[in-house]
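Colleague: Structure file my_file35.cif (mmCIF, N, CA and C atoms) is given on the next line.
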data_structure
#
loop_
_atom_site.label_atom_id
_atom_site.label_comp_id
_atom_site.auth_asym_id
_atom_site.auth_seq_id
_atom_site.Cartn_x
_atom_site.Cartn_y
_atom_site.Cartn_z
N MET L 1 14.15 -48.58 100.15
CA MET L 1 13.57 -48.17 101.43
C MET L 1 12.41 -49.10 101.75
N PRO L 2 12.37 -49.65 102.95
CA PRO L 2 11.29 -50.56 103.31
C PRO L 2 9.97 -49.85 103.62
N ILE L 3 9.89 -48.54 103.38
CA ILE L 3 8.64 -47.81 103.56
C ILE L 3 8.32 -47.10 102.25
N THR L 4 7.14 -47.37 101.73
CA THR L 4 6.67 -46.68 100.53
C THR L 4 5.39 -45.94 100.90
N TYR L 5 5.02 -44.98 100.07
CA TYR L 5 3.78 -44.25 100.36
C TYR L 5 3.12 -43.80 99.07
N THR L 6 1.83 -43.53 99.19
CA THR L 6 1.06 -42.91 98.12
C THR L 6 0.23 -41.80 98.74
N ILE L 7 -0.05 -40.80 97.93
CA ILE L 7 -0.94 -39.72 98.37
C ILE L 7 -2.17 -39.78 97.47
N ALA L 8 -3.33 -39.89 98.11
CA ALA L 8 -4.61 -39.92 97.40
C ALA L 8 -5.37 -38.65 97.77
N PRO L 9 -5.18 -37.57 97.00
CA PRO L 9 -5.81 -36.29 97.37
C PRO L 9 -7.33 -36.35 97.42
N GLU L 10 -7.95 -37.16 96.55
CA GLU L 10 -9.41 -37.25 96.54
C GLU L 10 -9.94 -37.89 97.82
N GLN L 11 -9.12 -38.70 98.47
CA GLN L 11 -9.50 -39.32 99.74
C GLN L 11 -8.90 -38.58 100.93
N HIS L 12 -8.12 -37.55 100.66
CA HIS L 12 -7.43 -36.78 101.70
C HIS L 12 -6.54 -37.70 102.54
N ARG L 13 -5.82 -38.62 101.87
CA ARG L 13 -5.03 -39.63 102.58
C ARG L 13 -3.61 -39.73 102.07
N ILE L 14 -2.74 -39.94 103.03
CA ILE L 14 -1.40 -40.45 102.75
C ILE L 14 -1.42 -41.87 103.30
N ARG L 15 -1.01 -42.82 102.49
CA ARG L 15 -0.93 -44.22 102.93
C ARG L 15 0.52 -44.66 102.81
N ALA L 16 1.11 -44.94 103.95
CA ALA L 16 2.49 -45.43 103.98
C ALA L 16 2.48 -46.90 104.36
N PHE L 17 3.32 -47.69 103.69
CA PHE L 17 3.39 -49.12 103.94
C PHE L 17 4.81 -49.49 104.31
N ALA L 18 4.96 -50.10 105.47
CA ALA L 18 6.29 -50.51 105.95
C ALA L 18 6.38 -52.03 105.90
N THR L 19 7.53 -52.52 105.45
CA THR L 19 7.76 -53.96 105.41
C THR L 19 9.16 -54.26 105.93
N GLY L 20 9.30 -55.41 106.54
CA GLY L 20 10.61 -55.83 107.03
C GLY L 20 10.98 -55.14 108.33
N ILE L 21 12.27 -55.00 108.56
CA ILE L 21 12.79 -54.35 109.76
C ILE L 21 12.84 -52.85 109.51
N ILE L 22 12.20 -52.10 110.40
CA ILE L 22 12.14 -50.63 110.26
C ILE L 22 13.04 -50.00 111.31
N ARG L 23 13.93 -49.15 110.82
CA ARG L 23 14.85 -48.43 111.71
C ARG L 23 14.56 -46.93 111.63
N ALA L 24 15.18 -46.18 112.51
CA ALA L 24 14.96 -44.73 112.56
C ALA L 24 15.28 -44.08 111.22
N ASP L 25 16.36 -44.51 110.57
CA ASP L 25 16.72 -43.92 109.27
C ASP L 25 15.61 -44.10 108.24
N ASP L 26 14.91 -45.22 108.30
CA ASP L 26 13.79 -45.45 107.37
C ASP L 26 12.68 -44.43 107.62
N LEU L 27 12.37 -44.19 108.88
CA LEU L 27 11.31 -43.23 109.22
C LEU L 27 11.72 -41.81 108.87
N HIS L 28 12.98 -41.46 109.13
CA HIS L 28 13.46 -40.12 108.76
C HIS L 28 13.39 -39.95 107.24
N GLY L 29 13.73 -41.00 106.49
CA GLY L 29 13.66 -40.94 105.03
C GLY L 29 12.23 -40.74 104.54
N LEU L 30 11.28 -41.41 105.17
CA LEU L 30 9.87 -41.23 104.81
C LEU L 30 9.44 -39.79 105.05
N ILE L 31 9.79 -39.24 106.18
CA ILE L 31 9.39 -37.87 106.51
C ILE L 31 10.03 -36.88 105.53
N ARG L 32 11.31 -37.06 105.23
CA ARG L 32 11.98 -36.18 104.25
C ARG L 32 11.30 -36.25 102.89
N SER L 33 10.96 -37.47 102.47
CA SER L 33 10.29 -37.65 101.17
C SER L 33 8.94 -36.95 101.15
N LEU L 34 8.18 -37.10 102.22
CA LEU L 34 6.88 -36.44 102.29
C LEU L 34 7.01 -34.93 102.28
N LEU L 35 7.97 -34.41 103.03
CA LEU L 35 8.16 -32.96 103.07
C LEU L 35 8.53 -32.40 101.70
N ALA L 36 9.22 -33.20 100.89
CA ALA L 36 9.63 -32.75 99.56
C ALA L 36 8.56 -33.00 98.50
N ASP L 37 7.53 -33.74 98.83
CA ASP L 37 6.50 -34.12 97.86
C ASP L 37 5.52 -32.97 97.66
N PRO L 38 5.32 -32.52 96.42
CA PRO L 38 4.36 -31.43 96.18
C PRO L 38 2.92 -31.85 96.46
N GLY L 39 2.66 -33.14 96.59
CA GLY L 39 1.32 -33.62 96.91
C GLY L 39 0.95 -33.46 98.37
N LEU L 40 1.93 -33.11 99.21
CA LEU L 40 1.65 -32.87 100.62
C LEU L 40 0.99 -31.50 100.75
N VAL L 41 -0.32 -31.53 100.93
CA VAL L 41 -1.10 -30.29 101.03
C VAL L 41 -1.90 -30.32 102.32
N PRO L 42 -2.30 -29.16 102.83
CA PRO L 42 -3.10 -29.13 104.05
C PRO L 42 -4.39 -29.94 103.90
N GLY L 43 -4.79 -30.59 104.99
CA GLY L 43 -6.04 -31.34 105.01
C GLY L 43 -5.89 -32.84 104.85
N LEU L 44 -4.69 -33.31 104.59
CA LEU L 44 -4.48 -34.75 104.47
C LEU L 44 -4.40 -35.39 105.85
N ARG L 45 -4.79 -36.66 105.91
CA ARG L 45 -4.61 -37.48 107.10
C ARG L 45 -3.81 -38.70 106.67
N ALA L 46 -3.11 -39.31 107.60
CA ALA L 46 -2.18 -40.37 107.22
C ALA L 46 -2.49 -41.70 107.88
N LEU L 47 -2.29 -42.76 107.10
CA LEU L 47 -2.35 -44.13 107.61
C LEU L 47 -0.97 -44.73 107.42
N TYR L 48 -0.31 -45.07 108.51
CA TYR L 48 0.99 -45.73 108.46
C TYR L 48 0.75 -47.20 108.78
N ASP L 49 0.85 -48.04 107.77
CA ASP L 49 0.57 -49.46 107.92
C ASP L 49 1.87 -50.22 108.18
N ALA L 50 2.07 -50.59 109.43
CA ALA L 50 3.26 -51.33 109.83
C ALA L 50 2.92 -52.79 110.15
N SER L 51 1.81 -53.27 109.60
CA SER L 51 1.37 -54.63 109.93
C SER L 51 2.31 -55.69 109.36
N ALA L 52 3.14 -55.34 108.38
CA ALA L 52 4.10 -56.29 107.82
C ALA L 52 5.53 -55.90 108.19
N ALA L 53 5.68 -55.17 109.30
CA ALA L 53 7.00 -54.66 109.69
C ALA L 53 7.30 -54.98 111.14
N GLU L 54 8.56 -54.95 111.46
CA GLU L 54 9.03 -55.11 112.84
C GLU L 54 9.99 -53.96 113.14
N PRO L 55 9.90 -53.37 114.33
CA PRO L 55 10.73 -52.21 114.66
C PRO L 55 12.11 -52.60 115.20
N ASP L 56 13.07 -51.77 114.88
CA ASP L 56 14.41 -51.84 115.49
C ASP L 56 14.78 -50.39 115.79
N ILE L 57 14.22 -49.86 116.87
CA ILE L 57 14.33 -48.43 117.16
C ILE L 57 14.28 -48.21 118.67
N THR L 58 15.03 -47.23 119.14
CA THR L 58 15.06 -46.91 120.57
C THR L 58 14.03 -45.83 120.90
N VAL L 59 13.75 -45.65 122.16
CA VAL L 59 12.81 -44.62 122.59
C VAL L 59 13.34 -43.23 122.22
N LEU L 60 14.63 -43.01 122.38
CA LEU L 60 15.22 -41.73 122.00
C LEU L 60 15.03 -41.47 120.51
N GLN L 61 15.22 -42.49 119.69
CA GLN L 61 15.00 -42.33 118.25
C GLN L 61 13.53 -42.06 117.93
N LEU L 62 12.63 -42.70 118.67
CA LEU L 62 11.20 -42.43 118.49
C LEU L 62 10.88 -40.97 118.78
N ALA L 63 11.49 -40.42 119.82
CA ALA L 63 11.27 -39.02 120.17
C ALA L 63 11.77 -38.11 119.05
N GLU L 64 12.91 -38.46 118.46
CA GLU L 64 13.44 -37.67 117.34
C GLU L 64 12.50 -37.72 116.14
N VAL L 65 11.96 -38.91 115.87
CA VAL L 65 11.01 -39.06 114.76
C VAL L 65 9.75 -38.23 115.03
N ALA L 66 9.25 -38.27 116.25
CA ALA L 66 8.07 -37.47 116.60
C ALA L 66 8.35 -35.98 116.35
N GLY L 67 9.53 -35.53 116.71
CA GLY L 67 9.89 -34.13 116.46
C GLY L 67 9.88 -33.80 114.98
N GLU L 68 10.33 -34.74 114.16
CA GLU L 68 10.30 -34.52 112.71
C GLU L 68 8.88 -34.55 112.16
N VAL L 69 8.04 -35.41 112.71
CA VAL L 69 6.65 -35.48 112.26
C VAL L 69 5.95 -34.14 112.48
N ARG L 70 6.38 -33.41 113.49
CA ARG L 70 5.83 -32.07 113.74
C ARG L 70 5.92 -31.20 112.49
N GLN L 71 7.00 -31.36 111.72
CA GLN L 71 7.16 -30.58 110.49
C GLN L 71 6.03 -30.88 109.50
N LEU L 72 5.57 -32.14 109.48
CA LEU L 72 4.45 -32.50 108.61
C LEU L 72 3.17 -31.81 109.07
N LEU L 73 2.98 -31.72 110.38
CA LEU L 73 1.81 -31.03 110.90
C LEU L 73 1.87 -29.55 110.56
N ASN L 74 3.06 -28.98 110.62
CA ASN L 74 3.22 -27.58 110.26
C ASN L 74 2.86 -27.32 108.80
N ARG L 75 2.92 -28.37 107.98
CA ARG L 75 2.54 -28.27 106.56
C ARG L 75 1.07 -28.63 106.34
N GLY L 76 0.33 -28.92 107.43
CA GLY L 76 -1.11 -29.13 107.31
C GLY L 76 -1.58 -30.56 107.45
N LEU L 77 -0.68 -31.50 107.76
CA LEU L 77 -1.10 -32.88 107.97
C LEU L 77 -1.96 -32.97 109.22
N GLY L 78 -3.03 -33.74 109.14
CA GLY L 78 -3.93 -33.93 110.28
C GLY L 78 -3.60 -35.21 111.03
N ARG L 79 -4.63 -35.93 111.38
CA ARG L 79 -4.49 -37.16 112.16
C ARG L 79 -3.59 -38.20 111.49
N ILE L 80 -2.99 -39.02 112.34
CA ILE L 80 -2.17 -40.13 111.87
C ILE L 80 -2.64 -41.40 112.58
N ALA L 81 -3.01 -42.40 111.79
CA ALA L 81 -3.37 -43.72 112.33
C ALA L 81 -2.23 -44.68 112.02
N ILE L 82 -1.85 -45.47 113.01
CA ILE L 82 -0.80 -46.46 112.83
C ILE L 82 -1.42 -47.84 112.95
N MET L 83 -1.18 -48.68 111.95
CA MET L 83 -1.62 -50.08 111.97
C MET L 83 -0.47 -50.93 112.45
N ALA L 84 -0.71 -51.74 113.48
CA ALA L 84 0.33 -52.61 114.03
C ALA L 84 -0.27 -53.98 114.32
N GLN L 85 0.43 -55.03 113.93
CA GLN L 85 -0.05 -56.39 114.16
C GLN L 85 0.73 -57.10 115.26
N SER L 86 2.06 -57.12 115.13
CA SER L 86 2.86 -57.86 116.11
C SER L 86 2.89 -57.11 117.44
N GLN L 87 3.16 -57.85 118.51
CA GLN L 87 3.25 -57.24 119.84
C GLN L 87 4.36 -56.19 119.88
N ALA L 88 5.51 -56.50 119.29
CA ALA L 88 6.63 -55.55 119.32
C ALA L 88 6.28 -54.27 118.58
N THR L 89 5.68 -54.40 117.41
CA THR L 89 5.30 -53.21 116.64
C THR L 89 4.24 -52.42 117.38
N TYR L 90 3.28 -53.11 117.97
CA TYR L 90 2.22 -52.43 118.71
C TYR L 90 2.79 -51.66 119.90
N ARG L 91 3.69 -52.28 120.65
CA ARG L 91 4.30 -51.61 121.82
C ARG L 91 5.09 -50.38 121.39
N VAL L 92 5.87 -50.50 120.33
CA VAL L 92 6.66 -49.35 119.86
C VAL L 92 5.73 -48.24 119.36
N ALA L 93 4.67 -48.62 118.65
CA ALA L 93 3.72 -47.62 118.16
C ALA L 93 3.01 -46.91 119.32
N LYS L 94 2.65 -47.65 120.37
CA LYS L 94 2.03 -47.01 121.53
C LYS L 94 3.00 -46.05 122.21
N THR L 95 4.26 -46.44 122.30
CA THR L 95 5.27 -45.54 122.87
C THR L 95 5.37 -44.27 122.03
N PHE L 96 5.36 -44.44 120.70
CA PHE L 96 5.42 -43.28 119.81
C PHE L 96 4.21 -42.37 120.05
N THR L 97 3.02 -42.94 120.24
CA THR L 97 1.84 -42.10 120.44
C THR L 97 1.96 -41.25 121.69
N VAL L 98 2.53 -41.80 122.75
CA VAL L 98 2.72 -41.04 123.99
C VAL L 98 3.66 -39.86 123.73
N LEU L 99 4.77 -40.13 123.05
CA LEU L 99 5.74 -39.08 122.75
C LEU L 99 5.13 -38.04 121.80
N ALA L 100 4.43 -38.50 120.77
CA ALA L 100 3.88 -37.60 119.77
C ALA L 100 2.74 -36.74 120.32
N ARG L 101 1.88 -37.34 121.12
CA ARG L 101 0.77 -36.56 121.70
C ARG L 101 1.30 -35.47 122.63
N ALA L 102 2.42 -35.73 123.27
CA ALA L 102 3.00 -34.74 124.18
C ALA L 102 3.41 -33.47 123.44
N ILE L 103 3.63 -33.58 122.13
CA ILE L 103 4.00 -32.38 121.35
C ILE L 103 2.90 -31.99 120.37
N GLY L 104 1.66 -32.47 120.63
CA GLY L 104 0.51 -31.98 119.87
C GLY L 104 0.13 -32.75 118.63
N ILE L 105 0.64 -33.96 118.46
CA ILE L 105 0.31 -34.75 117.28
C ILE L 105 -0.89 -35.63 117.60
N ASP L 106 -1.91 -35.60 116.74
CA ASP L 106 -3.11 -36.41 116.90
C ASP L 106 -2.86 -37.76 116.24
N VAL L 107 -2.51 -38.76 117.04
CA VAL L 107 -2.11 -40.06 116.52
C VAL L 107 -2.69 -41.16 117.41
N ASP L 108 -2.99 -42.31 116.78
CA ASP L 108 -3.46 -43.46 117.56
C ASP L 108 -3.03 -44.73 116.84
N VAL L 109 -3.07 -45.85 117.59
CA VAL L 109 -2.63 -47.14 117.07
C VAL L 109 -3.82 -48.08 116.98
N PHE L 110 -3.85 -48.87 115.92
CA PHE L 110 -4.96 -49.79 115.67
C PHE L 110 -4.41 -51.14 115.22
N LYS L 111 -5.17 -52.18 115.53
CA LYS L 111 -4.83 -53.53 115.05
C LYS L 111 -5.70 -53.93 113.86
N GLU L 112 -6.77 -53.18 113.63
CA GLU L 112 -7.72 -53.50 112.56
C GLU L 112 -7.85 -52.30 111.63
N LEU L 113 -7.74 -52.56 110.32
CA LEU L 113 -7.82 -51.49 109.33
C LEU L 113 -9.16 -50.75 109.36
N PRO L 114 -10.31 -51.41 109.46
CA PRO L 114 -11.57 -50.66 109.49
C PRO L 114 -11.64 -49.65 110.64
N ALA L 115 -11.10 -50.01 111.79
CA ALA L 115 -11.11 -49.07 112.93
C ALA L 115 -10.21 -47.88 112.65
N ALA L 116 -9.07 -48.13 112.05
CA ALA L 116 -8.15 -47.03 111.71
C ALA L 116 -8.78 -46.09 110.69
N GLU L 117 -9.39 -46.67 109.66
CA GLU L 117 -10.03 -45.86 108.62
C GLU L 117 -11.19 -45.04 109.20
N ALA L 118 -11.98 -45.66 110.08
CA ALA L 118 -13.11 -44.94 110.70
C ALA L 118 -12.61 -43.77 111.53
N TRP L 119 -11.54 -43.98 112.29
CA TRP L 119 -10.98 -42.92 113.12
C TRP L 119 -10.46 -41.78 112.26
N LEU L 120 -9.80 -42.13 111.16
CA LEU L 120 -9.29 -41.08 110.26
C LEU L 120 -10.43 -40.29 109.63
N ALA L 121 -11.54 -40.94 109.39
CA ALA L 121 -12.67 -40.29 108.72
C ALA L 121 -13.51 -39.43 109.67
N GLU L 122 -13.34 -39.63 110.99
CA GLU L 122 -14.11 -38.84 111.95
C GLU L 122 -13.86 -37.36 111.77
N ASP L 123 -14.91 -36.60 112.00
CA ASP L 123 -14.77 -35.15 112.02
C ASP L 123 -14.33 -34.78 113.43
N ASN L 124 -13.08 -34.38 113.56
CA ASN L 124 -12.58 -34.06 114.90
C ASN L 124 -12.55 -32.56 115.14
N ASP L 125 -13.46 -31.84 114.50
CA ASP L 125 -13.59 -30.41 114.74
C ASP L 125 -14.28 -30.22 116.09
N ILE L 126 -13.57 -29.64 117.04
CA ILE L 126 -14.14 -29.48 118.38
C ILE L 126 -14.62 -28.06 118.63
N SER L 127 -14.75 -27.27 117.55
CA SER L 127 -15.12 -25.86 117.73
C SER L 127 -16.50 -25.70 118.36
N GLY L 128 -17.39 -26.71 118.22
CA GLY L 128 -18.72 -26.60 118.78
C GLY L 128 -18.83 -27.12 120.20
N THR L 129 -17.70 -27.43 120.82
CA THR L 129 -17.74 -27.95 122.18
C THR L 129 -17.03 -26.98 123.11
N ASP L 130 -17.01 -27.34 124.39
CA ASP L 130 -16.29 -26.54 125.35
C ASP L 130 -14.82 -26.89 125.43
N GLU L 131 -14.39 -27.89 124.63
CA GLU L 131 -12.99 -28.31 124.67
C GLU L 131 -12.11 -27.30 123.94
N MET L 132 -10.84 -27.29 124.34
CA MET L 132 -9.88 -26.41 123.68
C MET L 132 -8.66 -27.24 123.31
N LEU L 133 -8.10 -26.95 122.13
CA LEU L 133 -6.85 -27.56 121.74
C LEU L 133 -5.70 -26.86 122.44
N LEU L 134 -4.70 -27.61 122.81
CA LEU L 134 -3.50 -26.99 123.36
C LEU L 134 -2.72 -26.34 122.23
N PRO L 135 -2.05 -25.22 122.48
CA PRO L 135 -1.27 -24.60 121.42
C PRO L 135 -0.13 -25.51 120.99
N ARG L 136 0.20 -25.44 119.71
CA ARG L 136 1.27 -26.29 119.18
C ARG L 136 2.58 -25.55 119.16
#
With the file now loaded, output its structure as structure tokens.
Modeller:
Amino acid sequence: MPITYTIAPEQHRIRAFATGIIRADDLHGLIRSLLADPGLVPGLRALYDASAAEPDITVLQLAEVAGEVRQLLNRGLGRIAIMAQSQATYRVAKTFTVLARAIGIDVDVFKELPAAEAWLAEDNDISGTDEMLLPR
């Protein structure tokens, strides 16, 4: 599988690394593996590093993947940062964020690792503000 991952509970992170050509089946396999992993516990945030990957996926397939990612959120996964370097990967990742945000997934795309890490580390508890989360 061109996508591998590690779970670092002490850092509250899942780090997934994609290399080569990434297709929908690769993403579905990653999600299935994570759902079966006993290390997937509430409170984790994820970094999906696709800086060494190129996408081969349709918009419809992206929507299906976003629907599957919802299952990870139901298990307590928080924010997801996507690292993208190439224009094609960045465009596909931005399309995914639009689809994913529409169903309540907190996700964003970054070209620089420090920005992605900083965003993941932010405290996004909005309970002290007038903002409200949409129901999931």
Colleague: Which one of L:Asp106, L:Asp37, L:Asp49, L:Glu112 sits closest to L:Ala18 if you count all atoms listed in the file?
Modeller: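 Under the stated criterion, the closest residue is L:Asp49.
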Colleague: Could the centre and edge lengths of an axis-aligned box, enclosing all atoms of stretch 89-93 of chain L in the file with 3 Å extra on each side, be given in Å to one decimal as lines of an AutoDock Vina configuration file?
Modeller:
center_x = 4.4
center_y = -50.7
center_z = 119.2
size_x = 10.4
size_y = 13.5
size_z = 11.2
Colleague: For the provided coordinates, the residues matched by the PyMOL selection byres (((chain L and resi 56-68 and name CA) around 7) and name CA) should be stated as a list in words.
Modeller: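 Applied to this file, the PyMOL selection byres (((chain L and resi 56-68 and name CA) around 7) and name CA) selects Ile21, Ile22, Arg23, Ala24, Leu27, His28, Glu54, Pro55, Val69, Arg70, Gln71, Phe96, Leu99 and Ala100 of chain L.
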Colleague: So how many Å separate atom C of L:Ala50 and atom C of L:Ala93, to one decimal?
Modeller: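 These atoms are spaced 10.9 Å apart.
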Colleague: Which residue, L:Leu44, L:Leu30, L:Val92, L:Ala121, has the smallest gap to L:Gly76 when you use only N, CA and C atoms?
Modeller: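 The shortest atom-to-atom distance to L:Gly76 comes from L:Leu44.
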Colleague: Could you pull out the strand (DSSP E or B) residues of stretch 12-132 of chain L from DSSP and send them as a count of residues only?
Modeller: 31
Colleague: So which residues get picked by the PyMOL selection byres ((chain L and resi 86) around 8) here, written as a count of residues only?
Modeller: 15
Colleague: Closest to L:Tyr48 among L:Ala36, L:Ala116, L:Ile82, L:Val107, using all atoms listed in the file?
Modeller: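 Among the listed residues, the smallest separation from L:Tyr48 belongs to L:Ile82.
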Colleague: (-11.9, -45.4, 106.4) in this file's frame - what residues fall within 12 Å of it? Use only C-alpha atoms and give the answer as JSON, numbers by chain.
Modeller: {"L": [11, 12, 13, 15, 45, 46, 47, 81, 112, 113, 114, 115, 116, 117, 118, 119, 120, 121, 122]}
Colleague: Enumerate the residues of stretch 6-128 of chain L with a DSSP assignment of helix (DSSP H, G or I), computed from the backbone, and present them as a PyMOL selection string.
Modeller: chain L and resi 9-11+24-36+59-74+87-102+113-121
Colleague: Add whatever atoms are absent from stretch 89-98 of chain L to reach all heavy atoms, and provide the output as a short mmCIF file (atom, residue, chain, number, x, y, z; two decimals), in the frame of the given file.
Modeller:
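Done, and the output landed in part06.cif:
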data_model
loop_
_atom_site.label_atom_id
_atom_site.label_comp_id
_atom_site.auth_asym_id
_atom_site.auth_seq_id
_atom_site.Cartn_x
_atom_site.Cartn_y
_atom_site.Cartn_z
N THR L 89 5.68 -54.40 117.41
CA THR L 89 5.30 -53.21 116.64
C THR L 89 4.24 -52.42 117.38
O THR L 89 4.29 -51.18 117.44
CB THR L 89 4.80 -53.62 115.24
OG1 THR L 89 5.84 -54.35 114.58
CG2 THR L 89 4.45 -52.40 114.40
N TYR L 90 3.28 -53.11 117.97
CA TYR L 90 2.22 -52.43 118.71
C TYR L 90 2.79 -51.66 119.90
O TYR L 90 2.44 -50.50 120.13
CB TYR L 90 1.17 -53.44 119.18
CG TYR L 90 -0.07 -52.78 119.74
CD1 TYR L 90 -1.07 -52.31 118.91
CD2 TYR L 90 -0.24 -52.62 121.12
CE1 TYR L 90 -2.21 -51.70 119.41
CE2 TYR L 90 -1.37 -52.01 121.64
CZ TYR L 90 -2.35 -51.55 120.77
OH TYR L 90 -3.45 -50.94 121.28
N ARG L 91 3.69 -52.28 120.65
CA ARG L 91 4.30 -51.61 121.82
C ARG L 91 5.09 -50.38 121.39
O ARG L 91 4.99 -49.31 122.03
CB ARG L 91 5.21 -52.57 122.58
CG ARG L 91 4.45 -53.51 123.49
CD ARG L 91 5.37 -54.22 124.47
NE ARG L 91 6.42 -54.98 123.82
CZ ARG L 91 6.34 -56.26 123.47
NH1 ARG L 91 5.23 -56.92 123.70
NH2 ARG L 91 7.34 -56.86 122.90
N VAL L 92 5.87 -50.50 120.33
CA VAL L 92 6.66 -49.35 119.86
C VAL L 92 5.73 -48.24 119.36
O VAL L 92 5.94 -47.06 119.64
CB VAL L 92 7.66 -49.79 118.77
CG1 VAL L 92 8.26 -48.59 118.05
CG2 VAL L 92 8.77 -50.64 119.38
N ALA L 93 4.67 -48.62 118.65
CA ALA L 93 3.72 -47.62 118.16
C ALA L 93 3.01 -46.91 119.32
O ALA L 93 2.79 -45.70 119.26
CB ALA L 93 2.70 -48.29 117.23
N LYS L 94 2.65 -47.65 120.37
CA LYS L 94 2.03 -47.01 121.53
C LYS L 94 3.00 -46.05 122.21
O LYS L 94 2.59 -44.97 122.66
CB LYS L 94 1.53 -48.07 122.53
CG LYS L 94 0.29 -48.81 122.08
CD LYS L 94 -0.87 -47.89 121.80
CE LYS L 94 -1.81 -47.79 122.96
NZ LYS L 94 -3.02 -46.99 122.64
N THR L 95 4.26 -46.44 122.30
CA THR L 95 5.27 -45.54 122.87
C THR L 95 5.37 -44.27 122.03
O THR L 95 5.43 -43.16 122.56
CB THR L 95 6.63 -46.25 122.96
OG1 THR L 95 6.49 -47.42 123.76
CG2 THR L 95 7.69 -45.34 123.55
N PHE L 96 5.36 -44.44 120.70
CA PHE L 96 5.42 -43.28 119.81
C PHE L 96 4.21 -42.37 120.05
O PHE L 96 4.36 -41.15 120.08
CB PHE L 96 5.45 -43.72 118.34
CG PHE L 96 5.40 -42.56 117.39
CD1 PHE L 96 6.53 -41.81 117.13
CD2 PHE L 96 4.20 -42.20 116.78
CE1 PHE L 96 6.47 -40.71 116.28
CE2 PHE L 96 4.14 -41.12 115.92
CZ PHE L 96 5.28 -40.38 115.67
N THR L 97 3.02 -42.94 120.24
CA THR L 97 1.84 -42.10 120.44
C THR L 97 1.96 -41.25 121.69
O THR L 97 1.57 -40.08 121.69
CB THR L 97 0.52 -42.90 120.49
OG1 THR L 97 0.54 -43.78 121.60
CG2 THR L 97 0.29 -43.68 119.21
N VAL L 98 2.53 -41.80 122.75
CA VAL L 98 2.72 -41.04 123.99
C VAL L 98 3.66 -39.86 123.73
O VAL L 98 3.37 -38.72 124.11
CB VAL L 98 3.27 -41.94 125.12
CG1 VAL L 98 3.70 -41.11 126.32
CG2 VAL L 98 2.23 -42.97 125.52
#
